[in-house]
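J.: As input, take protein36.cif (mmCIF, C-alpha atoms):
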```cif
data_model
#
loop_
_atom_site.label_atom_id
_atom_site.label_comp_id
_atom_site.auth_asym_id
_atom_site.auth_seq_id
_atom_site.Cartn_x
_atom_site.Cartn_y
_atom_site.Cartn_z
CA MET A 1329 -24.01 -34.19 -66.24
CA SER A 1330 -24.24 -33.07 -62.60
CA ILE A 1331 -24.12 -29.34 -61.76
CA LYS A 1332 -23.22 -29.84 -58.06
CA PRO A 1333 -19.47 -29.15 -58.53
CA PHE A 1334 -20.29 -25.83 -60.20
CA LYS A 1335 -22.65 -24.82 -57.36
CA PHE A 1336 -20.00 -25.72 -54.82
CA GLY A 1337 -17.36 -23.72 -56.67
CA ARG A 1338 -19.68 -20.69 -56.90
CA ARG A 1339 -20.28 -20.83 -53.14
CA ILE A 1340 -16.52 -20.83 -52.51
CA LEU A 1341 -16.05 -17.83 -54.82
CA LEU A 1342 -18.85 -15.94 -53.08
CA LEU A 1343 -17.36 -16.68 -49.68
CA ILE A 1344 -13.92 -15.47 -50.80
CA ALA A 1345 -15.41 -12.30 -52.31
CA SER A 1346 -17.41 -11.65 -49.16
CA PHE A 1347 -14.31 -12.07 -46.99
CA LEU A 1348 -12.25 -9.69 -49.17
CA LEU A 1349 -15.00 -7.07 -49.13
CA MET A 1350 -15.53 -7.30 -45.38
CA ALA A 1351 -11.88 -7.65 -44.29
CA PRO A 1352 -11.19 -3.89 -44.07
CA TYR A 1353 -14.32 -3.42 -41.96
CA ARG A 1354 -13.34 -6.29 -39.67
CA ALA A 1355 -9.89 -4.76 -39.24
CA LEU A 1356 -11.45 -1.35 -38.55
CA SER A 1357 -13.85 -2.93 -36.07
CA ARG A 1358 -11.00 -4.58 -34.18
CA PHE A 1359 -9.14 -1.27 -34.12
CA LEU A 1360 -12.16 0.61 -32.81
CA ILE A 1361 -13.06 -2.00 -30.21
CA ARG A 1362 -9.59 -2.22 -28.74
CA ARG A 1363 -9.51 0.53 -26.16
CA PRO A 1364 -6.24 1.96 -24.85
CA LEU A 1365 -5.29 0.13 -21.65
CA VAL A 1366 -4.40 2.77 -19.07
CA TYR A 1367 -2.39 2.20 -15.89
CA LEU A 1368 -0.73 4.52 -13.38
CA THR A 1369 2.75 4.26 -11.85
CA TRP A 1370 5.38 6.49 -10.24
CA ARG A 1371 9.03 7.20 -10.94
CA GLN A 1372 9.39 9.79 -8.18
CA ASP A 1373 7.48 11.61 -5.43
CA PRO A 1374 3.89 10.24 -5.37
CA THR A 1375 2.65 13.40 -3.63
CA SER A 1376 3.44 15.64 -6.61
CA THR A 1377 3.80 13.38 -9.68
CA MET A 1378 2.00 10.65 -11.59
CA VAL A 1379 3.05 8.61 -14.62
CA VAL A 1380 0.13 7.95 -16.97
CA ASN A 1381 0.88 4.89 -19.11
CA TRP A 1382 -1.20 3.19 -21.77
CA MET A 1383 -0.97 0.38 -24.28
CA ASP A 1384 -2.63 0.61 -27.68
CA ASN A 1385 -1.96 -0.49 -31.25
CA ASP A 1386 -1.62 2.95 -32.86
CA SER A 1387 1.98 4.01 -33.42
CA ARG A 1388 0.75 7.36 -34.80
CA SER A 1389 -1.26 8.41 -31.75
CA PRO A 1390 0.29 11.37 -29.91
CA ASP A 1391 1.80 10.97 -26.44
CA TYR A 1392 -0.36 13.64 -24.83
CA VAL A 1393 -2.20 13.81 -21.54
CA MET A 1394 -4.64 16.63 -20.88
CA TYR A 1395 -5.34 17.07 -17.16
CA ARG A 1396 -6.68 19.44 -14.53
CA ARG A 1397 -7.77 19.45 -10.90
CA LEU A 1398 -11.23 18.01 -10.46
CA ALA A 1399 -12.28 20.68 -7.96
CA LEU A 1400 -11.88 23.52 -10.46
CA PRO A 1401 -15.04 24.98 -12.06
CA ARG A 1402 -16.23 23.61 -15.41
CA GLY A 1403 -14.46 25.35 -18.28
CA SER A 1404 -11.25 25.80 -16.27
CA ARG A 1405 -7.98 25.64 -18.12
CA TRP A 1406 -6.41 22.26 -18.86
CA THR A 1407 -2.71 21.44 -18.84
CA LEU A 1408 -1.05 19.53 -21.67
CA ALA A 1409 1.77 17.10 -20.83
CA ARG A 1410 3.90 15.32 -23.42
CA GLY A 1411 5.67 12.00 -23.09
CA PHE A 1412 7.16 9.29 -25.26
CA LYS A 1413 6.25 5.92 -26.77
CA HIS A 1414 7.95 2.73 -27.88
CA ASN A 1415 7.13 -0.75 -29.09
CA PHE A 1416 6.14 -3.21 -26.40
CA ALA A 1417 9.62 -4.77 -26.30
CA ASP A 1418 9.96 -6.63 -29.64
CA ASP A 1419 6.21 -6.67 -30.33
CA LYS A 1420 5.44 -4.24 -33.14
CA LYS A 1421 1.65 -4.55 -32.82
CA ARG A 1422 1.48 -3.00 -29.35
CA ILE A 1423 2.67 0.46 -28.40
CA ILE A 1424 3.43 1.66 -24.87
CA HIS A 1425 3.04 5.36 -24.02
CA HIS A 1426 4.42 7.07 -20.90
CA VAL A 1427 3.61 10.62 -19.79
CA GLU A 1428 4.85 11.91 -16.43
CA LEU A 1429 2.79 14.65 -14.80
CA ARG A 1430 4.81 16.87 -12.45
CA GLY A 1431 4.17 19.75 -10.09
CA LEU A 1432 0.88 18.31 -8.87
CA ASN A 1433 -0.74 19.25 -5.57
CA PRO A 1434 -0.65 16.65 -2.77
CA ASP A 1435 -3.83 14.81 -1.79
CA THR A 1436 -5.69 16.22 -4.78
CA GLU A 1437 -8.04 14.67 -7.32
CA TYR A 1438 -7.26 15.12 -11.02
CA ILE A 1439 -9.13 14.19 -14.16
CA PHE A 1440 -7.31 13.41 -17.39
CA THR A 1441 -7.66 12.23 -20.95
CA ILE A 1442 -5.05 10.67 -23.22
CA GLY A 1443 -3.89 11.06 -26.82
CA SER A 1444 -5.38 14.46 -27.58
CA LYS A 1445 -4.55 18.17 -27.35
CA GLY A 1446 -8.09 18.89 -26.20
CA PRO A 1447 -10.46 17.65 -23.48
CA ALA A 1448 -12.32 14.43 -24.16
CA ARG A 1449 -15.65 14.69 -25.94
CA GLY A 1450 -18.73 13.95 -23.90
CA GLY A 1451 -16.91 14.31 -20.58
CA SER A 1452 -15.25 10.89 -20.75
CA TYR A 1453 -12.34 11.11 -18.33
CA LEU A 1454 -10.24 9.00 -16.00
CA LYS A 1455 -9.34 10.12 -12.49
CA PHE A 1456 -6.53 9.76 -9.97
CA ARG A 1457 -5.58 11.20 -6.62
CA THR A 1458 -2.09 12.22 -5.54
CA LEU A 1459 -0.84 10.96 -2.19
CA PRO A 1460 -0.88 13.20 0.89
CA LYS A 1461 2.28 15.04 1.96
CA SER A 1462 1.82 14.07 5.61
CA ILE A 1463 0.24 10.85 6.79
CA PRO A 1464 -3.55 11.03 7.24
CA SER A 1465 -5.35 9.44 10.16
CA ASN A 1466 -6.23 6.35 8.15
CA PHE A 1467 -3.70 5.51 5.40
CA ARG A 1468 -4.29 2.31 3.46
CA PHE A 1469 -2.71 0.27 0.69
CA VAL A 1470 -3.11 -3.29 -0.59
CA THR A 1471 -0.41 -5.80 -1.48
CA GLY A 1472 -0.08 -9.22 -3.06
CA GLY A 1473 1.41 -11.07 -6.00
CA ASP A 1474 0.99 -14.04 -8.35
CA MET A 1475 -2.00 -12.45 -9.96
CA MET A 1476 -3.49 -14.14 -13.01
CA HIS A 1477 -3.96 -17.79 -13.78
CA ASP A 1478 -7.28 -16.85 -15.34
CA ARG A 1479 -9.31 -13.71 -15.89
CA LYS A 1480 -12.17 -14.64 -13.56
CA LYS A 1481 -9.86 -14.97 -10.54
CA VAL A 1482 -7.94 -11.75 -11.13
CA ASP A 1483 -11.14 -9.78 -11.84
CA ALA A 1484 -12.63 -10.92 -8.52
CA MET A 1485 -9.60 -9.94 -6.45
CA ASN A 1486 -9.15 -6.64 -8.31
CA GLN A 1487 -12.75 -5.81 -7.44
CA ARG A 1488 -12.05 -6.59 -3.79
CA ALA A 1489 -9.04 -4.24 -3.90
CA ALA A 1490 -11.26 -1.45 -5.23
CA GLU A 1491 -13.79 -1.98 -2.43
CA LEU A 1492 -11.05 -1.30 0.12
CA ASN A 1493 -10.26 2.16 -1.35
CA PRO A 1494 -6.45 1.92 -1.13
CA TRP A 1495 -4.14 4.77 -2.06
CA PHE A 1496 -2.08 2.34 -4.17
CA ALA A 1497 -1.33 -1.35 -4.73
CA LEU A 1498 2.07 -2.92 -4.01
CA LEU A 1499 2.37 -5.88 -6.41
CA GLY A 1500 5.03 -8.50 -5.77
CA GLY A 1501 5.58 -10.04 -9.19
CA ASP A 1502 4.16 -12.80 -11.42
CA LEU A 1503 1.63 -10.30 -12.71
CA ALA A 1504 0.28 -11.60 -16.04
CA TYR A 1505 2.02 -15.00 -16.21
CA ALA A 1506 3.38 -14.13 -19.65
CA ASN A 1507 6.82 -15.71 -19.07
CA ALA A 1508 8.59 -13.13 -21.27
CA ASP A 1509 7.32 -15.20 -24.18
CA LYS A 1510 6.00 -13.57 -27.34
CA LYS A 1511 3.27 -16.17 -27.75
CA ASN A 1512 1.88 -15.13 -24.34
CA VAL A 1513 2.15 -11.38 -24.87
CA SER A 1514 -1.66 -11.04 -25.02
CA ASN A 1515 -1.70 -12.04 -21.32
CA TRP A 1516 -0.43 -8.54 -20.59
CA GLU A 1517 -3.42 -7.03 -22.40
CA ASP A 1518 -5.78 -9.18 -20.37
CA TRP A 1519 -4.09 -8.25 -17.11
CA LEU A 1520 -4.02 -4.52 -17.88
CA GLU A 1521 -7.64 -4.53 -19.00
CA SER A 1522 -8.71 -6.24 -15.78
CA TRP A 1523 -6.84 -3.62 -13.77
CA MET A 1524 -8.26 -0.67 -15.69
CA LEU A 1525 -11.85 -1.92 -15.50
CA ASN A 1526 -11.86 -3.19 -11.91
CA CYS A 1527 -9.27 -1.28 -9.85
CA ILE A 1528 -11.29 1.90 -9.49
CA ARG A 1529 -11.54 3.24 -5.94
CA LYS A 1530 -15.16 3.05 -4.79
CA SER A 1531 -14.80 6.20 -2.69
CA ASP A 1532 -13.86 8.61 -5.49
CA GLY A 1533 -13.66 6.72 -8.81
CA GLY A 1534 -9.90 7.12 -9.09
CA LEU A 1535 -7.75 4.54 -10.86
CA ILE A 1536 -5.50 2.80 -8.33
CA PRO A 1537 -1.77 3.33 -9.06
CA MET A 1538 0.55 0.32 -8.92
CA VAL A 1539 4.05 -0.15 -7.49
CA VAL A 1540 5.58 -3.33 -8.87
CA ALA A 1541 8.32 -5.86 -8.15
CA ILE A 1542 9.54 -8.40 -10.67
CA GLY A 1543 8.61 -12.10 -10.49
CA ASN A 1544 9.96 -15.22 -12.16
CA HIS A 1545 7.03 -15.34 -14.61
CA GLU A 1546 8.19 -11.98 -15.99
CA VAL A 1547 11.53 -13.55 -16.90
CA ALA A 1548 12.46 -15.95 -19.70
CA GLY A 1549 13.96 -18.87 -17.84
CA GLY A 1550 12.92 -17.86 -14.31
CA THR A 1551 15.77 -17.13 -11.89
CA GLY A 1552 19.40 -16.18 -12.32
CA LYS A 1553 18.82 -14.15 -15.49
CA LYS A 1554 19.52 -10.59 -16.70
CA PRO A 1555 17.28 -7.61 -17.50
CA LYS A 1556 17.29 -8.48 -21.21
CA ASP A 1557 15.47 -11.70 -20.28
CA ALA A 1558 12.52 -9.69 -18.90
CA LYS A 1559 12.07 -7.32 -21.83
CA TYR A 1560 8.26 -7.02 -21.60
CA PHE A 1561 8.33 -6.20 -17.89
CA TYR A 1562 10.97 -3.51 -18.33
CA SER A 1563 9.14 -2.17 -21.39
CA LEU A 1564 5.88 -1.85 -19.49
CA PHE A 1565 7.19 -0.20 -16.32
CA PRO A 1566 9.48 2.86 -16.33
CA MET A 1567 11.49 2.10 -13.18
CA PRO A 1568 12.78 4.97 -11.01
CA ALA A 1569 16.39 3.78 -11.30
CA LYS A 1570 15.97 1.90 -14.61
CA ARG A 1571 16.45 -1.38 -12.77
CA SER A 1572 14.31 -3.84 -10.83
CA PHE A 1573 15.40 -2.78 -7.31
CA TYR A 1574 14.51 0.70 -6.15
CA ALA A 1575 13.03 2.77 -3.33
CA LEU A 1576 9.89 4.90 -3.46
CA ASP A 1577 9.42 7.50 -0.72
CA ILE A 1578 6.00 8.89 0.14
CA GLY A 1579 6.34 12.19 1.97
CA ASN A 1580 8.48 11.68 5.05
CA TYR A 1581 6.30 8.96 6.54
CA LEU A 1582 6.53 5.84 4.35
CA SER A 1583 9.16 4.16 2.15
CA LEU A 1584 8.75 1.17 -0.14
CA ILE A 1585 11.84 -0.92 -0.84
CA LEU A 1586 11.36 -3.05 -3.97
CA LEU A 1587 13.87 -5.88 -4.47
CA ASP A 1588 14.76 -8.46 -7.12
CA SER A 1589 15.09 -11.94 -5.59
CA ASP A 1590 17.69 -13.29 -8.03
CA LEU A 1591 15.50 -12.93 -11.11
CA THR A 1592 17.35 -10.31 -13.17
CA GLU A 1593 19.68 -9.03 -10.40
CA ARG A 1594 21.70 -10.99 -7.84
CA ILE A 1595 20.70 -11.04 -4.17
CA ASP A 1596 24.22 -10.38 -2.94
CA GLY A 1597 26.77 -7.90 -4.30
CA GLU A 1598 25.49 -4.60 -5.69
CA GLN A 1599 21.88 -5.11 -4.60
CA ALA A 1600 22.78 -5.99 -1.00
CA ILE A 1601 25.11 -2.96 -0.80
CA TRP A 1602 22.35 -0.73 -2.17
CA LEU A 1603 19.84 -2.23 0.28
CA GLU A 1604 21.96 -1.41 3.32
CA LYS A 1605 22.59 2.13 2.09
CA SER A 1606 18.89 2.69 1.38
CA LEU A 1607 17.75 1.36 4.75
CA SER A 1608 20.42 3.28 6.68
CA GLN A 1609 19.40 6.54 4.96
CA ARG A 1610 15.80 6.09 6.15
CA PHE A 1611 16.54 4.64 9.59
CA GLY A 1612 15.20 6.89 12.34
CA LYS A 1613 13.76 9.32 9.77
CA VAL A 1614 10.93 7.40 8.12
CA PRO A 1615 8.55 5.72 10.59
CA PHE A 1616 7.19 3.08 8.15
CA VAL A 1617 9.50 1.14 5.84
CA PHE A 1618 8.20 -1.90 3.94
CA ALA A 1619 10.22 -4.31 1.80
CA CYS A 1620 8.66 -6.29 -1.04
CA TYR A 1621 10.02 -8.93 -3.39
CA HIS A 1622 8.96 -12.16 -5.08
CA LYS A 1623 10.85 -15.30 -3.96
CA PRO A 1624 10.45 -15.76 -0.19
CA ALA A 1625 12.98 -16.30 2.56
CA TYR A 1626 10.34 -17.88 4.80
CA GLY A 1627 7.99 -19.61 2.38
CA THR A 1628 5.17 -22.09 2.79
CA ALA A 1629 4.79 -24.42 -0.15
CA LYS A 1630 8.09 -25.19 -1.95
CA PRO A 1631 10.37 -26.91 0.56
CA PRO A 1632 13.43 -28.87 -0.58
CA SER A 1633 12.96 -32.62 -0.78
CA GLY A 1634 12.79 -34.35 2.59
CA THR A 1635 11.70 -31.32 4.64
CA LYS A 1636 8.67 -29.08 5.25
CA ASP A 1637 10.91 -26.04 5.82
CA SER A 1638 10.97 -23.81 2.72
CA SER A 1639 13.63 -21.59 4.31
CA LYS A 1640 16.13 -24.39 3.60
CA ASP A 1641 15.87 -23.70 -0.12
CA PRO A 1642 19.25 -22.39 -1.44
CA LEU A 1643 17.74 -19.15 -2.76
CA ALA A 1644 15.87 -18.57 0.51
CA GLN A 1645 19.14 -19.13 2.37
CA LYS A 1646 20.78 -16.36 0.33
CA ILE A 1647 18.00 -13.92 1.26
CA ILE A 1648 18.33 -14.94 4.92
CA LYS A 1649 22.09 -14.38 4.73
CA TYR A 1650 22.23 -11.09 2.83
CA TRP A 1651 18.89 -9.29 3.33
CA CYS A 1652 17.27 -10.44 6.56
CA PRO A 1653 20.09 -9.16 8.83
CA LEU A 1654 19.57 -5.72 7.25
CA PHE A 1655 15.82 -5.88 7.85
CA ASP A 1656 16.66 -6.67 11.50
CA LYS A 1657 19.37 -4.02 11.84
CA TYR A 1658 17.23 -1.20 10.47
CA ASN A 1659 13.92 -2.32 11.99
CA VAL A 1660 11.80 -2.51 8.84
CA THR A 1661 8.09 -2.40 9.57
CA ALA A 1662 7.21 -5.60 7.66
CA VAL A 1663 8.34 -7.66 4.68
CA PHE A 1664 6.04 -8.84 1.88
CA GLU A 1665 7.02 -12.04 0.04
CA ASN A 1666 5.27 -13.93 -2.77
CA ASP A 1667 5.65 -16.86 -5.20
CA HIS A 1668 4.23 -19.81 -3.21
CA HIS A 1669 0.49 -19.38 -3.98
CA THR A 1670 -0.65 -19.48 -0.34
CA TYR A 1671 -1.33 -17.10 2.53
CA LYS A 1672 1.27 -16.86 5.28
CA ARG A 1673 2.24 -14.79 8.28
CA THR A 1674 5.38 -15.61 10.21
CA HIS A 1675 6.10 -15.13 13.87
CA PRO A 1676 8.20 -12.01 14.51
CA LEU A 1677 11.70 -13.06 13.43
CA ARG A 1678 15.15 -11.69 14.22
CA GLY A 1679 18.47 -13.38 13.60
CA ASN A 1680 16.61 -16.31 11.99
CA ARG A 1681 14.84 -16.99 15.30
CA ILE A 1682 11.48 -16.09 16.81
CA ASP A 1683 11.75 -12.79 18.68
CA ARG A 1684 8.35 -11.58 19.85
CA ASP A 1685 9.70 -8.29 21.18
CA ARG A 1686 11.90 -7.02 18.33
CA GLY A 1687 11.27 -9.35 15.39
CA VAL A 1688 10.13 -8.58 11.84
CA VAL A 1689 6.96 -10.20 10.47
CA TYR A 1690 7.04 -11.66 6.94
CA LEU A 1691 3.69 -11.77 5.13
CA GLY A 1692 2.71 -13.32 1.79
CA ASP A 1693 2.89 -15.70 -0.04
CA GLY A 1694 1.54 -14.49 -3.39
CA CYS A 1695 -1.95 -15.80 -4.17
CA TRP A 1696 -3.94 -12.91 -5.70
CA GLY A 1697 -5.52 -14.77 -8.61
CA VAL A 1698 -3.84 -18.16 -9.01
CA ASP A 1699 -4.46 -21.76 -8.07
CA THR A 1700 -3.44 -22.52 -4.50
CA ARG A 1701 -0.86 -24.94 -3.10
CA ASP A 1702 -0.95 -26.99 0.09
CA VAL A 1703 0.53 -25.54 3.29
CA PRO A 1704 2.18 -27.19 6.31
CA LYS A 1705 0.02 -28.17 9.24
CA PRO A 1706 -0.07 -25.79 12.25
CA GLY A 1707 3.19 -26.07 14.21
CA GLU A 1708 4.90 -28.12 11.50
CA VAL A 1709 7.28 -25.31 10.43
CA TRP A 1710 8.88 -23.29 13.21
CA TYR A 1711 8.55 -19.79 11.72
CA LEU A 1712 4.91 -19.95 10.53
CA ALA A 1713 2.27 -18.35 12.74
CA LYS A 1714 -0.50 -18.71 10.14
CA ALA A 1715 -0.76 -20.48 6.78
CA GLU A 1716 -3.78 -21.06 4.53
CA SER A 1717 -4.33 -22.41 1.01
CA LYS A 1718 -6.46 -19.44 0.00
CA ARG A 1719 -6.38 -16.69 -2.60
CA HIS A 1720 -6.10 -13.31 -0.94
CA LEU A 1721 -4.81 -9.79 -0.86
CA ILE A 1722 -3.38 -8.08 2.22
CA CYS A 1723 -4.76 -4.71 3.25
CA VAL A 1724 -2.30 -2.59 5.23
CA THR A 1725 -3.74 0.25 7.30
CA ILE A 1726 -1.64 2.76 9.22
CA ARG A 1727 -3.43 4.56 12.01
CA ASN A 1728 -2.30 6.11 15.28
CA GLY A 1729 1.33 5.31 14.52
CA LYS A 1730 0.70 1.56 14.08
CA SER A 1731 0.28 -0.75 11.09
CA ASP A 1732 -2.56 -3.28 10.86
CA TYR A 1733 -2.73 -6.15 8.37
CA VAL A 1734 -5.89 -7.90 7.23
CA ALA A 1735 -5.90 -10.70 4.63
CA TYR A 1736 -9.10 -10.80 2.56
CA GLU A 1737 -10.49 -13.35 0.15
CA ALA A 1738 -12.17 -12.03 -3.00
CA ASN A 1739 -15.63 -12.34 -1.41
CA GLY A 1740 -14.57 -10.15 1.52
CA LYS A 1741 -14.08 -12.96 4.03
CA VAL A 1742 -11.21 -12.28 6.46
CA ILE A 1743 -8.49 -14.94 6.57
CA ASP A 1744 -6.22 -13.32 9.15
CA ARG A 1745 -5.66 -10.15 11.16
CA HIS A 1746 -2.42 -8.91 12.66
CA SER A 1747 -1.21 -5.72 14.31
#
```
Represent the structure contained in this file as structure tokens.
T.:
Amino acid sequence: MSIKPFKFGRRILLLIASFLLMAPYRALSRFLIRRPLVYLTWRQDPTSTMVVNWMDNDSRSPDYVMYRRLALPRGSRWTLARGFKHNFADDKKRIIHHVELRGLNPDTEYIFTIGSKGPARGGSYLKFRTLPKSIPSNFRFVTGGDMMHDRKKVDAMNQRAAELNPWFALLGGDLAYANADKKNVSNWEDWLESWMLNCIRKSDGGLIPMVVAIGNHEVAGGTGKKPKDAKYFYSLFPMPAKRSFYALDIGNYLSLILLDSDLTERIDGEQAIWLEKSLSQRFGKVPFVFACYHKPAYGTAKPPSGTKDSSKDPLAQKIIKYWCPLFDKYNVTAVFENDHHTYKRTHPLRGNRIDRDRGVVYLGDGCWGVDTRDVPKPGEVWYLAKAESKRHLICVTIRNGKSDYVAYEANGKVIDRHS
């Protein structure tokens, strides 16, 4: 009689026993390896506040941030701030924590640690810098959207952003390509980890804060939906007005107008009324006003059938009808659009025509870390001054009362310059 079946059965039993004995250690290992994923945002004045957010998988961890000014002597007193936590939308495995730090000094470096009532052991801290109260001689931020088709691409462009030492990043949607789908929720972890590891300013080691707009890949079903259809996006980012369109003012010198291009809010109606009120309040008082949203009015790569002109798209036509006249009326500095996976810069536009003296330039078109699309040939579309099928970010520098724009590839190569 053969003994092979008995040997095989014994091997199976040993394997099962080994798995049961090691399972707790594997679970513990996964828990220990998974680091909290920290990211910085704002709900109000960036010169005196900062929201420290993090994702982890520990619902029992306290919502504490210990922080102090970096310039203080060693042993100086720390401040404890408390916040709140919640499940990552309907995902019970991931917890989001938010702690808002207030009463900070402008243009000041801070160090902080999370989840503890005491300073971190071994001097392991993260850093950030508040924004200046008045505009410095060389103020810089980066902008772009459509960020992560794969980790390699987003890592490379995040590293380029860090090399440029921006005060913050203005991100125009389609961040993690998670599609508000529970099966893709781990995309958010990947995206946040890439940001935390790579978006560290080279000049001072500070984590770069983000200001975000919503994109169609944050929404279940794309366009024409409601906030409930973008539950992970809204769970991740505590919006200033608890909605996807809002304004963020930096001192008295710069305002960011974040809009929702028919993703969870309609272009016309309440949002258009709010846009006019917001722009009129800042007109003549704030020298630099930038608008940012996802779906473009003057796009490059998604024209309706039978034409090369993406501005003929019905959604683009709504933006041209309801928003662009307000950008013209209140002389916004520039508009940042996304979604088309290309680089573009328009001619200066006013009244849906080229106006080189008083027009507004639209830049985009969302290609931070995604596969590119084809663009029209030079001169083929009337409003395009420059178009390239290249991944990029746009670096905006304000100096001597003027704004300069440089589009960079991940390797540092310049695609375009504009003043």
J.: Can you tell me how far atom CA of Val1547 of chain A sits from atom CA of Phe1469 of chain A, in Å to one decimal?
T.: 26.5 Å
J.: How far is it from atom CA of Ile1722 of chain A to atom CA of His1669 of chain A, in Å with one decimal?
T.: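 Value for the atom CA of Ile1722 of chain A-atom CA of His1669 of chain A distance: 13.5 Å.
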J.: Given the choices A:Gly1740, A:Ile1647, A:Lys1559, A:Gly1627, which gets closest to Leu1587 of chain A if the distance is worked out from all atoms listed in the file?
T.: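 Checking each candidate against Leu1587 of chain A, we get A:Ile1647 as the closest.
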J.: Would you pick out the contacts of Asp1588 of chain A at 9 Å or less, using only C-alpha atoms, so that residues sharing its chain but fewer than 5 positions from it are not included, and give the list as a list in words?
T.: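 Final neighbour list, sorted by chain and number: Ala1541, Ile1542, Gly1543, Ser1572, Phe1573, Glu1593, Arg1594, Ile1595, Gln1599, Cys1620, Tyr1621, His1622 and Lys1623 of chain A.
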J.: Taking every listed atom of segment 1666-1674 of chain A and adding 3 Å to each side, what centre and edge lengths in Å (one decimal) does the axis-aligned box have, as AutoDock Vina command-line options?
T.:
```
--center_x 2.2 --center_y -16.9 --center_z 2.5 --size_x 13.0 --size_y 11.9 --size_z 21.4
```
J.: Skip Met1475 of chain A itself and residues of its chain fewer than 5 positions away, then list as JSON, numbers by chain all residues within 6 Å of it, counting only C-alpha atoms.
T.: {"A": [1503, 1696, 1697]}
J.: Those same residues, written as a CSV table (one decimal), in the coordinates of the input with C-alpha atoms?
T.:
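And here is the file that came out, out-v2.csv:
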```
chain,number,residue,atom,x,y,z
A,1503,LEU,CA,1.6,-10.3,-12.7
A,1696,TRP,CA,-3.9,-12.9,-5.7
A,1697,GLY,CA,-5.5,-14.8,-8.6
```
J.: Would you mind telling me which residue in A:Leu1603, A:Ala1619, A:Leu1535, A:Ala1417 lies nearest to Asp1557 of chain A when using only C-alpha atoms?
T.: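 Of A:Leu1603, A:Ala1619, A:Leu1535, A:Ala1417, the one nearest Asp1557 of chain A is A:Ala1417, counting only C-alpha atoms.
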J.: Counting all atoms listed in the file, figure out which residue out of A:Ser1589, A:Asn1666, A:Asn1486, A:Thr1661 gets nearest to Ile1648 of chain A.
T.: A:Ser1589
J.: Might you pull out every residue within 12 Å of Gly1679 of chain A, with only C-alpha atoms counted and same-chain residues fewer than 4 positions away left off, and present them as a PyMOL selection string?
T.: chain A and resi 1648-1657+1683+1686-1688+1711
J.: Would you pick out the contacts of segment 1671-1678 of chain A at 8 Å or less, using all atoms listed in the file, so that residues sharing its chain but fewer than 2 positions from it are not included, and give the list as an NGL selection string?
T.: :A and (1626-1628 or 1653 or 1656 or 1669 or 1680-1695 or 1711-1720)
J.: Can you work out which one of A:Met1485, A:Leu1586, A:Leu1429, A:Leu1499 has the shortest atom-to-atom distance to Glu1737 of chain A, counting all atoms listed in the file?
T.: A:Met1485
